[in-house]
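**Q** The following file, data-v2.cif, comprises mmCIF, C-alpha atoms and all ligand atoms:
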```
data_coords
loop_
_atom_site.group_PDB
_atom_site.id
_atom_site.type_symbol
_atom_site.label_atom_id
_atom_site.label_comp_id
_atom_site.auth_asym_id
_atom_site.auth_seq_id
_atom_site.Cartn_x
_atom_site.Cartn_y
_atom_site.Cartn_z
ATOM 1 C CA MET A 1 102.826 107.806 87.058
ATOM 2 C CA PRO A 2 105.384 106.552 89.659
ATOM 3 C CA ALA A 3 108.002 104.152 88.307
ATOM 4 C CA ARG A 4 106.463 100.929 89.571
ATOM 5 C CA ILE A 5 102.831 99.852 89.302
ATOM 6 C CA ALA A 6 102.909 97.506 92.315
ATOM 7 C CA THR A 7 103.129 100.353 94.834
ATOM 8 C CA HIS A 8 100.518 102.147 96.940
ATOM 9 C CA ALA A 9 101.198 105.410 95.107
ATOM 10 C CA ALA A 10 100.798 103.969 91.595
ATOM 11 C CA VAL A 11 97.724 101.887 92.434
ATOM 12 C CA ALA A 12 96.083 104.974 93.989
ATOM 13 C CA GLU A 13 97.073 107.132 91.003
ATOM 14 C CA LEU A 14 95.718 104.644 88.442
ATOM 15 C CA MET A 15 92.447 104.286 90.337
ATOM 16 C CA ARG A 16 92.064 108.064 90.573
ATOM 17 C CA ARG A 17 92.975 108.663 86.941
ATOM 18 C CA TYR A 18 90.524 106.089 85.624
ATOM 19 C CA ASP A 19 87.942 106.640 88.360
ATOM 20 C CA TYR A 20 88.196 102.941 89.196
ATOM 21 C CA LEU A 21 87.063 101.161 92.355
ATOM 22 C CA PRO A 22 88.123 97.544 93.021
ATOM 23 C CA LYS A 23 85.416 94.887 93.048
ATOM 24 C CA LYS A 24 85.413 92.493 95.941
ATOM 25 C CA SER A 25 83.260 90.063 93.959
ATOM 26 C CA LEU A 26 86.112 89.621 91.440
ATOM 27 C CA GLY A 27 88.753 89.092 94.126
ATOM 28 C CA GLN A 28 90.479 92.365 93.262
ATOM 29 C CA ASN A 29 93.284 92.949 95.753
ATOM 30 C CA PHE A 30 96.099 94.706 93.953
ATOM 31 C CA LEU A 31 99.705 94.138 94.862
ATOM 32 C CA THR A 32 101.334 97.203 96.433
ATOM 33 C CA ASP A 33 104.797 95.838 97.154
ATOM 34 C CA PRO A 34 107.139 95.506 94.162
ATOM 35 C CA ARG A 35 109.427 93.140 96.110
ATOM 36 C CA VAL A 36 106.611 90.582 96.184
ATOM 37 C CA ALA A 37 106.212 90.833 92.397
ATOM 38 C CA GLU A 38 109.969 90.256 92.103
ATOM 39 C CA LYS A 39 109.766 87.219 94.383
ATOM 40 C CA ILE A 40 107.017 85.724 92.219
ATOM 41 C CA ALA A 41 109.056 86.256 89.042
ATOM 42 C CA GLU A 42 112.108 84.766 90.760
ATOM 43 C CA ALA A 43 110.140 81.739 91.968
ATOM 44 C CA ALA A 44 108.951 81.115 88.394
ATOM 45 C CA ARG A 45 112.563 81.656 87.201
ATOM 46 C CA ILE A 46 111.391 84.060 84.537
ATOM 47 C CA THR A 47 114.046 84.697 81.931
ATOM 48 C CA LEU A 48 114.409 86.017 78.412
ATOM 49 C CA GLY A 49 112.168 84.185 75.964
ATOM 50 C CA ASP A 50 109.819 82.723 78.549
ATOM 51 C CA ARG A 51 106.177 82.635 77.576
ATOM 52 C CA VAL A 52 103.856 83.391 80.426
ATOM 53 C CA ILE A 53 100.109 83.171 80.845
ATOM 54 C CA GLU A 54 99.167 85.621 83.576
ATOM 55 C CA ILE A 55 95.723 85.129 85.081
ATOM 56 C CA GLY A 56 94.079 88.294 86.401
ATOM 57 C CA PRO A 57 96.662 91.028 85.685
ATOM 58 C CA GLY A 58 94.538 93.664 87.449
ATOM 59 C CA LEU A 59 96.310 97.013 87.170
ATOM 60 C CA GLY A 60 99.451 95.338 85.841
ATOM 61 C CA GLY A 61 101.807 95.304 88.851
ATOM 62 C CA LEU A 62 102.974 91.746 88.294
ATOM 63 C CA THR A 63 102.718 92.048 84.499
ATOM 64 C CA GLU A 64 105.231 94.894 84.585
ATOM 65 C CA THR A 65 107.744 92.827 86.570
ATOM 66 C CA LEU A 66 107.305 89.836 84.259
ATOM 67 C CA THR A 67 108.042 91.936 81.167
ATOM 68 C CA GLU A 68 111.034 93.541 82.872
ATOM 69 C CA ASN A 69 112.345 90.012 83.262
ATOM 70 C CA GLU A 70 111.934 89.795 79.482
ATOM 71 C CA ALA A 71 109.041 87.349 79.296
ATOM 72 C CA ALA A 72 106.299 87.487 76.671
ATOM 73 C CA VAL A 73 103.088 87.775 78.659
ATOM 74 C CA LEU A 74 99.587 86.774 77.655
ATOM 75 C CA ALA A 75 97.434 88.432 80.309
ATOM 76 C CA VAL A 76 93.853 87.195 80.737
ATOM 77 C CA GLU A 77 91.613 89.636 82.611
ATOM 78 C CA LEU A 78 87.879 89.294 83.176
ATOM 79 C CA ASP A 79 87.100 92.906 84.084
ATOM 80 C CA LYS A 80 86.591 94.971 80.896
ATOM 81 C CA ARG A 81 87.463 98.224 82.628
ATOM 82 C CA LEU A 82 90.788 96.805 83.801
ATOM 83 C CA VAL A 83 91.459 95.570 80.276
ATOM 84 C CA TYR A 84 90.994 99.170 79.074
ATOM 85 C CA ILE A 85 93.393 100.491 81.757
ATOM 86 C CA LEU A 86 95.948 97.771 80.996
ATOM 87 C CA GLN A 87 95.809 98.555 77.285
ATOM 88 C CA LYS A 88 96.592 102.194 78.033
ATOM 89 C CA THR A 89 99.332 101.323 80.524
ATOM 90 C CA PHE A 90 101.080 98.808 78.295
ATOM 91 C CA ALA A 91 100.494 100.576 74.966
ATOM 92 C CA GLY A 92 103.666 100.206 72.930
ATOM 93 C CA ASN A 93 105.005 97.342 75.058
ATOM 94 C CA ASN A 94 105.190 94.518 72.542
ATOM 95 C CA ARG A 95 105.901 91.921 75.222
ATOM 96 C CA VAL A 96 102.342 92.132 76.566
ATOM 97 C CA GLU A 97 99.146 90.847 74.995
ATOM 98 C CA ILE A 98 95.993 91.504 76.970
ATOM 99 C CA ILE A 99 92.831 89.528 76.367
ATOM 100 C CA GLN A 100 89.470 89.865 78.046
ATOM 101 C CA GLY A 101 87.698 86.781 79.336
ATOM 102 C CA ASP A 102 86.963 84.352 82.126
ATOM 103 C CA ILE A 103 89.912 82.009 82.585
ATOM 104 C CA LEU A 104 87.528 79.276 83.729
ATOM 105 C CA LYS A 105 85.778 79.351 80.357
ATOM 106 C CA MET A 106 88.959 79.480 78.302
ATOM 107 C CA ASP A 107 91.059 76.666 76.960
ATOM 108 C CA ALA A 108 94.605 77.575 77.969
ATOM 109 C CA GLY A 109 95.985 74.856 75.680
ATOM 110 C CA GLU A 110 94.179 76.455 72.740
ATOM 111 C CA LEU A 111 95.531 79.894 73.698
ATOM 112 C CA MET A 112 99.026 78.421 73.562
ATOM 113 C CA ARG A 113 98.484 76.619 70.260
ATOM 114 C CA GLU A 114 97.072 79.770 68.633
ATOM 115 C CA ARG A 115 100.315 81.560 69.491
ATOM 116 C CA GLY A 116 102.588 78.684 68.517
ATOM 117 C CA TRP A 117 103.746 78.271 72.136
ATOM 118 C CA ARG A 118 105.012 74.751 72.727
ATOM 119 C CA THR A 119 105.429 75.396 76.426
ATOM 120 C CA ALA A 120 104.591 78.169 78.871
ATOM 121 C CA LYS A 121 104.584 79.159 82.516
ATOM 122 C CA VAL A 122 101.520 80.264 84.416
ATOM 123 C CA VAL A 123 102.103 83.106 86.836
ATOM 124 C CA ALA A 124 99.355 84.800 88.819
ATOM 125 C CA ASN A 125 98.180 86.579 91.874
ATOM 126 C CA LEU A 126 94.996 84.529 91.716
ATOM 127 C CA PRO A 127 91.542 85.867 92.463
ATOM 128 C CA TYR A 128 90.854 83.907 95.630
ATOM 129 C CA TYR A 129 87.272 82.967 94.865
ATOM 130 C CA ILE A 130 88.351 80.702 91.994
ATOM 131 C CA THR A 131 91.742 79.416 93.185
ATOM 132 C CA THR A 132 90.816 75.729 93.381
ATOM 133 C CA PRO A 133 88.977 75.422 90.027
ATOM 134 C CA VAL A 134 91.744 77.361 88.264
ATOM 135 C CA LEU A 135 94.486 75.164 89.701
ATOM 136 C CA MET A 136 92.562 71.922 89.145
ATOM 137 C CA GLY A 137 91.772 72.965 85.561
ATOM 138 C CA LEU A 138 95.435 73.682 84.838
ATOM 139 C CA LEU A 139 96.656 70.470 86.481
ATOM 140 C CA GLU A 140 94.043 68.100 85.097
ATOM 141 C CA GLY A 141 94.198 69.755 81.683
ATOM 142 C CA ARG A 142 97.683 68.239 81.234
ATOM 143 C CA LEU A 143 98.842 71.387 79.491
ATOM 144 C CA PRO A 144 102.439 71.603 78.343
ATOM 145 C CA LEU A 145 103.291 73.956 81.211
ATOM 146 C CA SER A 146 106.648 73.782 82.964
ATOM 147 C CA VAL A 147 105.670 75.650 86.065
ATOM 148 C CA ILE A 148 102.697 77.277 87.784
ATOM 149 C CA THR A 149 103.660 80.005 90.248
ATOM 150 C CA VAL A 150 100.752 81.534 92.065
ATOM 151 C CA MET A 151 99.869 83.693 95.002
ATOM 152 C CA VAL A 152 97.080 82.039 96.948
ATOM 153 C CA GLN A 153 95.559 82.390 100.398
ATOM 154 C CA LYS A 154 97.972 81.089 103.023
ATOM 155 C CA GLU A 155 95.414 78.461 104.003
ATOM 156 C CA VAL A 156 95.260 77.147 100.405
ATOM 157 C CA ALA A 157 99.059 76.971 100.308
ATOM 158 C CA GLY A 158 98.771 74.778 103.404
ATOM 159 C CA ARG A 159 96.258 72.525 101.666
ATOM 160 C CA LEU A 160 98.450 72.253 98.559
ATOM 161 C CA ARG A 161 101.355 70.980 100.669
ATOM 162 C CA ALA A 162 99.431 69.057 103.327
ATOM 163 C CA LYS A 163 100.463 65.587 104.421
ATOM 164 C CA PRO A 164 98.141 62.608 105.069
ATOM 165 C CA GLY A 165 96.354 62.649 108.396
ATOM 166 C CA SER A 166 96.468 66.420 108.809
ATOM 167 C CA LYS A 167 93.355 68.584 108.990
ATOM 168 C CA GLU A 168 94.335 70.413 105.800
ATOM 169 C CA TYR A 169 94.868 67.232 103.777
ATOM 170 C CA GLY A 170 92.250 66.748 101.060
ATOM 171 C CA SER A 171 91.638 66.182 97.338
ATOM 172 C CA LEU A 172 93.591 69.324 96.413
ATOM 173 C CA SER A 173 96.646 68.021 98.329
ATOM 174 C CA VAL A 174 96.513 64.636 96.554
ATOM 175 C CA ALA A 175 96.017 66.240 93.123
ATOM 176 C CA ALA A 176 98.887 68.688 93.710
ATOM 177 C CA ALA A 177 101.212 65.861 94.827
ATOM 178 C CA TYR A 178 100.190 63.757 91.815
ATOM 179 C CA PHE A 179 100.728 66.426 89.184
ATOM 180 C CA ALA A 180 103.529 68.529 90.658
ATOM 181 C CA ASP A 181 106.347 69.168 93.083
ATOM 182 C CA VAL A 182 105.018 71.915 95.295
ATOM 183 C CA THR A 183 107.243 74.485 96.997
ATOM 184 C CA LEU A 184 106.343 77.358 99.247
ATOM 185 C CA THR A 185 108.318 80.405 98.170
ATOM 186 C CA ALA A 186 107.126 83.193 100.411
ATOM 187 C CA LEU A 187 104.512 84.227 102.929
ATOM 188 C CA VAL A 188 102.946 87.536 102.002
ATOM 189 C CA PRO A 189 101.192 89.597 104.671
ATOM 190 C CA ARG A 190 97.808 91.164 103.929
ATOM 191 C CA ASN A 191 99.234 94.692 104.068
ATOM 192 C CA CYS A 192 100.988 94.109 100.720
ATOM 193 C CA PHE A 193 97.654 94.600 98.890
ATOM 194 C CA PHE A 194 95.079 97.254 98.258
ATOM 195 C CA PRO A 195 92.354 96.834 99.316
ATOM 196 C CA ARG A 196 93.753 94.853 102.216
ATOM 197 C CA PRO A 197 92.245 91.318 102.262
ATOM 198 C CA HIS A 198 91.135 89.596 105.494
ATOM 199 C CA VAL A 199 93.745 86.865 105.169
ATOM 200 C CA ASP A 200 97.470 86.521 104.532
ATOM 201 C CA SER A 201 98.791 85.002 101.332
ATOM 202 C CA ALA A 202 101.581 82.783 100.131
ATOM 203 C CA VAL A 203 103.449 82.224 96.897
ATOM 204 C CA VAL A 204 103.643 78.601 95.808
ATOM 205 C CA THR A 205 105.355 77.013 92.858
ATOM 206 C CA LEU A 206 104.042 73.859 91.254
ATOM 207 C CA LYS A 207 106.659 72.271 89.038
ATOM 208 C CA LEU A 208 104.772 69.859 86.815
ATOM 209 C CA ILE A 209 105.928 66.236 86.790
ATOM 210 C CA ASP A 210 105.171 63.257 84.568
ATOM 211 C CA PRO A 211 101.996 61.336 85.454
ATOM 212 C CA ARG A 212 102.614 58.198 87.489
ATOM 213 C CA ALA A 213 99.486 56.266 86.581
ATOM 214 C CA GLY A 214 98.005 55.174 83.264
ATOM 215 C CA SER A 215 94.861 56.993 82.154
ATOM 216 C CA ASP A 216 92.401 54.286 83.371
ATOM 217 C CA GLU A 217 94.165 54.172 86.700
ATOM 218 C CA GLU A 218 94.195 57.942 86.872
ATOM 219 C CA ASP A 219 90.450 58.052 86.382
ATOM 220 C CA LEU A 220 89.960 55.521 89.188
ATOM 221 C CA LEU A 221 92.520 57.274 91.365
ATOM 222 C CA PHE A 222 90.584 60.544 91.320
ATOM 223 C CA LYS A 223 87.275 58.748 91.773
ATOM 224 C CA CYS A 224 88.713 57.118 94.918
ATOM 225 C CA VAL A 225 90.104 60.439 96.156
ATOM 226 C CA LYS A 226 86.762 62.150 95.589
ATOM 227 C CA ALA A 227 84.927 59.345 97.371
ATOM 228 C CA ALA A 228 87.388 59.290 100.287
ATOM 229 C CA PHE A 229 87.161 63.017 100.991
ATOM 230 C CA GLY A 230 83.482 63.377 100.119
ATOM 231 C CA GLN A 231 82.501 62.214 103.600
ATOM 232 C CA ARG A 232 85.563 62.550 105.745
ATOM 233 C CA ARG A 233 83.993 61.068 108.857
ATOM 234 C CA LYS A 234 83.150 57.772 107.180
ATOM 235 C CA THR A 235 85.617 54.927 106.807
ATOM 236 C CA LEU A 236 87.191 54.442 103.403
ATOM 237 C CA LEU A 237 85.293 51.169 103.057
ATOM 238 C CA ASN A 238 81.925 52.869 103.583
ATOM 239 C CA CYS A 239 82.855 55.778 101.327
ATOM 240 C CA LEU A 240 83.749 53.341 98.546
ATOM 241 C CA ARG A 241 80.646 51.223 99.080
ATOM 242 C CA ALA A 242 78.466 54.276 98.518
ATOM 243 C CA GLN A 243 79.880 54.807 95.019
ATOM 244 C CA THR A 244 77.754 53.817 92.047
ATOM 245 C CA TRP A 245 80.857 53.130 89.924
ATOM 246 C CA ILE A 246 82.041 50.394 92.324
ATOM 247 C CA ASN A 247 80.868 46.996 91.151
ATOM 248 C CA LYS A 248 82.060 45.089 94.186
ATOM 249 C CA GLY A 249 80.268 44.004 97.320
ATOM 250 C CA ARG A 250 81.462 44.690 100.865
ATOM 251 C CA GLU A 251 83.526 41.492 101.255
ATOM 252 C CA GLU A 252 85.156 41.821 97.866
ATOM 253 C CA LEU A 253 86.040 45.451 98.600
ATOM 254 C CA LEU A 254 87.457 44.494 101.953
ATOM 255 C CA THR A 255 89.662 41.867 100.311
ATOM 256 C CA VAL A 256 90.957 44.484 97.854
ATOM 257 C CA MET A 257 91.653 46.891 100.713
ATOM 258 C CA LYS A 258 93.392 44.251 102.821
ATOM 259 C CA GLY A 259 95.465 43.312 99.772
ATOM 260 C CA CYS A 260 96.623 46.939 99.713
ATOM 261 C CA GLY A 261 97.577 46.689 103.375
ATOM 262 C CA PHE A 262 94.682 48.806 104.701
ATOM 263 C CA ASP A 263 92.657 48.072 107.835
ATOM 264 C CA GLU A 264 88.898 47.776 107.651
ATOM 265 C CA ASP A 265 88.404 51.011 109.610
ATOM 266 C CA ILE A 266 90.986 53.169 107.845
ATOM 267 C CA ARG A 267 89.779 56.613 106.729
ATOM 268 C CA GLY A 268 90.621 58.051 103.343
ATOM 269 C CA GLU A 269 92.362 61.027 104.885
ATOM 270 C CA ALA A 270 95.086 58.679 106.169
ATOM 271 C CA LEU A 271 96.100 57.536 102.672
ATOM 272 C CA SER A 272 99.154 58.972 100.953
ATOM 273 C CA LEU A 273 99.223 59.539 97.188
ATOM 274 C CA ASP A 274 101.143 56.255 96.747
ATOM 275 C CA GLU A 275 98.466 54.411 98.727
ATOM 276 C CA PHE A 276 95.659 55.954 96.669
ATOM 277 C CA ILE A 277 97.509 54.839 93.507
ATOM 278 C CA ARG A 278 97.867 51.335 94.981
ATOM 279 C CA LEU A 279 94.139 51.241 95.707
ATOM 280 C CA ALA A 280 93.219 52.442 92.194
ATOM 281 C CA ARG A 281 95.459 49.753 90.640
ATOM 282 C CA ALA A 282 93.943 47.047 92.827
ATOM 283 C CA LEU A 283 90.397 48.151 91.967
ATOM 284 C CA LYS A 284 91.240 48.111 88.268
ATOM 285 C CA ASP A 285 92.500 44.506 88.379
HETATM 286 N N1 LIG A 301 97.656 90.660 89.261
HETATM 287 C C1 LIG A 301 97.113 91.840 89.921
HETATM 288 C C2 LIG A 301 97.993 92.205 91.105
HETATM 289 O O1 LIG A 301 98.759 91.334 91.536
HETATM 290 O O2 LIG A 301 97.901 93.325 91.562
HETATM 291 C C3 LIG A 301 95.672 91.636 90.368
HETATM 292 C C4 LIG A 301 95.412 90.402 91.214
HETATM 293 S S1 LIG A 301 93.771 90.324 91.850
HETATM 294 C C5 LIG A 301 94.073 89.315 93.284
HETATM 295 C C6 LIG A 301 92.911 89.165 90.808
HETATM 296 C C7 LIG A 301 92.594 89.643 89.402
HETATM 297 O O3 LIG A 301 91.904 88.583 88.715
HETATM 298 C C8 LIG A 301 91.688 90.847 89.317
HETATM 299 O O4 LIG A 301 92.219 91.761 88.391
HETATM 300 C C9 LIG A 301 90.346 90.299 88.778
HETATM 301 O O5 LIG A 301 89.600 91.215 88.027
HETATM 302 C C10 LIG A 301 90.847 89.125 87.943
HETATM 303 N N2 LIG A 301 89.834 88.062 87.753
HETATM 304 C C11 LIG A 301 88.831 87.691 88.587
HETATM 305 N N3 LIG A 301 88.143 86.646 88.098
HETATM 306 C C12 LIG A 301 88.732 86.316 86.920
HETATM 307 C C13 LIG A 301 88.466 85.318 85.932
HETATM 308 N N4 LIG A 301 87.474 84.433 86.085
HETATM 309 N N5 LIG A 301 89.255 85.278 84.824
HETATM 310 C C14 LIG A 301 90.269 86.170 84.667
HETATM 311 N N6 LIG A 301 90.575 87.137 85.569
HETATM 312 C C15 LIG A 301 89.816 87.219 86.686
#
```
Take the structure I supplied and represent it as structure tokens, if you would.
Ligand code: SAM
**A**
Amino acid sequence: MPARIATHAAVAELMRRYDYLPKKSLGQNFLTDPRVAEKIAEAARITLGDRVIEIGPGLGGLTETLTENEAAVLAVELDKRLVYILQKTFAGNNRVEIIQGDILKMDAGELMRERGWRTAKVVANLPYYITTPVLMGLLEGRLPLSVITVMVQKEVAGRLRAKPGSKEYGSLSVAAAYFADVTLTALVPRNCFFPRPHVDSAVVTLKLIDPRAGSDEEDLLFKCVKAAFGQRRKTLLNCLRAQTWINKGREELLTVMKGCGFDEDIRGEALSLDEFIRLARALKD
């Protein structure tokens, strides 16, 4: 096999050898540019002794780069046939542990505890069809992760970094800003994958930060965010009034909003994270 897995030649050779065809339904677009794998490892600052959870290792292109940077990798792959190929490819490499399963049904915190990992990094070229639930699960799960470095669709990278008032701004943007400092590391064109996807990608790094609200406030904060973006064309006041968990009438709600410095006709999409936190605190009082 050619020296590097994340190349056209190696991906083609592995697929031929194992008579394997990628499944669109599982978001299988394998990396075919080793420089991109390097960029991801660099963005996550992978060094000796790092513990990494890799979601969706596929044929192992990124896994290989992570282990070359001397990380211990726990690779979670859903596709049983890929697990078989990975086990053959990484046989004898004691830095890699491959487990089969659906990351959405797994408890990443438990995986870490079982291995005695006090902290870890998550690194992945994510299957696009589950990007948002995977990221939300990792962020809301409050896992002891230092960093999450992921390749996502370019459009999702835009949503993760979007500012209030923009078209891309939504619940994912607020959650990302609340839980992490988000940086865009690289734009990755679609021709760096096989099969070639219909969209370009981007590598983003989410450096986890300490929560800024207490747990009651946090609960209210995300209820407000959900309400505000649930019906984007409605005013914030009307979005809030429609919530069953709100025990305030229109006038009382308006007073709370005015106390936060918001106009009656403001829309939720105009509120920054700080303003959502202010609103949650005011509703709690
Ligand atoms: N990391 C490889 C690379 O960069 O070439 C493959 C990335 S590919 C975009 C996404 C991978 O995630 C595929 O191998 C796919 O089988 C796997 N996958 C899809 N759904 C998954 C799930 N729910 N849990 C774990 N892995 C999943």
**Q** I'd like to know which of A:Arg142, A:Arg16, A:Lys121, A:Lys223 is closest to Arg51 (chain A), using all atoms listed in the file.
**A**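 Nearest to Arg51 (chain A): A:Lys121.
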**Q** Compute the set of protein, DNA and RNA residues whose minimum atom distance to ligand LIG 301 (chain A) is at most 6 Å, using all atoms listed in the file, and state it as a PyMOL selection string.
**A** chain A and resi 26-31+55-62+76-79+101-104+125-127
**Q** Mind telling me what the PyMOL selection byres (((chain A and resi 219) around 12) and not hetatm) catches here, as number ranges by chain?
**A** A: 140, 175, 213-218, 220-226, 245, 276-277, 280-281, 283-284
**Q** Please determine, counting only C-alpha atoms, which residue among A:Leu254, A:Leu135, A:Val73, A:Ala44 has the shortest atom-to-atom distance to Lys207 (chain A).
**A** A:Ala44
**Q** Neighbours of Val256 (chain A) within 7 Å (all atoms listed in the file; same-chain residues fewer than 3 positions away dropped), as a list in words?
**A**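 Residues meeting the cut-off are Glu252, Leu253, Gly259, Cys260, Ala282 and Leu283 of chain A.
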**Q** Could you write those residues out with C-alpha atoms, as a compact mmCIF listing (two decimals), in the frame of the given file?
**A**
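Final output, part11.txt:
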```txt
# COMPACT_ATOMS: atom_id res chain seq x y z
CA GLU A 252 85.16 41.82 97.87
CA LEU A 253 86.04 45.45 98.60
CA GLY A 259 95.46 43.31 99.77
CA CYS A 260 96.62 46.94 99.71
CA ALA A 282 93.94 47.05 92.83
CA LEU A 283 90.40 48.15 91.97
```
**Q** Between CA of Ala202 (chain A) and CA of Thr89 (chain A), what is the distance, to one decimal in Å?
**A**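 Between CA of Ala202 (chain A) and CA of Thr89 (chain A) the gap works out to 27.1 Å.
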**Q** So, counting only C-alpha atoms, which residue among A:Ala12, A:Leu139, A:Ile99, A:Ile40 is closest to Val174 (chain A)?
**A** A:Leu139
**Q** From (80.1, 56.7, 97.4), in the file's coordinates, out to 10 Å: which residues are reached, counting only C-alpha atoms? Answer as a PyMOL selection string.
**A** chain A and resi 223-224+226-228+230-231+236-246
**Q** Tell me, in Å to one decimal, how far CA of Asp33 (chain A) is from CA of Leu66 (chain A).
**A** 14.4 Å
**Q** For Ala270 (chain A), which residue among A:Tyr169, A:Phe194, A:Tyr20, A:Phe179 is the nearest when counting only C-alpha atoms?
**A** A:Tyr169
**Q** Residues near Lys88 (chain A), anyone? I mean within 12 Å using only C-alpha atoms, not counting same-chain ones fewer than 3 positions away, as a PyMOL selection string.
**A** chain A and resi 14+17-18+59-60+81-85+91-93+96+98
**Q** Quick one: residues within 9 Å of Ala71 (chain A), only C-alpha atoms counted, chain neighbours fewer than 5 positions away excluded, as a PDB file with C-alpha atoms, in the coordinates of the input?
**A**
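What follows is the written file part31.pdb:
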```
ATOM      1  CA  ILE A  46     111.391  84.060  84.537  1.00  0.00           C
ATOM      2  CA  THR A  47     114.046  84.697  81.931  1.00  0.00           C
ATOM      3  CA  LEU A  48     114.409  86.017  78.412  1.00  0.00           C
ATOM      4  CA  GLY A  49     112.168  84.185  75.964  1.00  0.00           C
ATOM      5  CA  ASP A  50     109.819  82.723  78.549  1.00  0.00           C
ATOM      6  CA  ARG A  51     106.177  82.635  77.576  1.00  0.00           C
ATOM      7  CA  VAL A  52     103.856  83.391  80.426  1.00  0.00           C
ATOM      8  CA  LEU A  66     107.305  89.836  84.259  1.00  0.00           C
ATOM      9  CA  ARG A  95     105.901  91.921  75.222  1.00  0.00           C
ATOM     10  CA  VAL A  96     102.342  92.132  76.566  1.00  0.00           C
TER      11      VAL A  96
END
```
**Q** Box along x, y and z, 3 Å on every side, all listed atoms of region 148-159 of chain A inside: centre and edge lengths in Å to one decimal, as lines of an AutoDock Vina configuration file.
**A**
```
center_x = 99.5
center_y = 78.1
center_z = 95.9
size_x = 14.4
size_y = 17.2
size_z = 22.2
```
**Q** Take the PyMOL selection byres (((chain A and resi 108) around 10) and not hetatm), run it mentally on this structure, and tell me the resulting residues as number ranges by chain.
**A** A: 53, 103-107, 109-114, 122, 137-138, 141, 143-145
**Q** Skipping near chain neighbours, those fewer than 6 positions away, what residues fall within 6 Å of region 150-165 of chain A using all atoms listed in the file, listed as a list in words?
**A**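 Listed by chain and then number, they are Val123, Ala124, Asn125, Leu126, Ser173, Asp200, Ser201, Ala202, Val203, Val204, Glu269, Ala270, Leu271 and Ser272 of chain A.
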**Q** Between CA of Ala120 (chain A) and CA of Asp274 (chain A), what is the distance in Å, rounded to a tenth?
**A** 28.5 Å
**Q** Rank nothing, just name the residue among A:Cys192, A:Thr131, A:Val182, A:Ala9 nearest to Arg35 (chain A), using all atoms listed in the file.
**A** A:Cys192
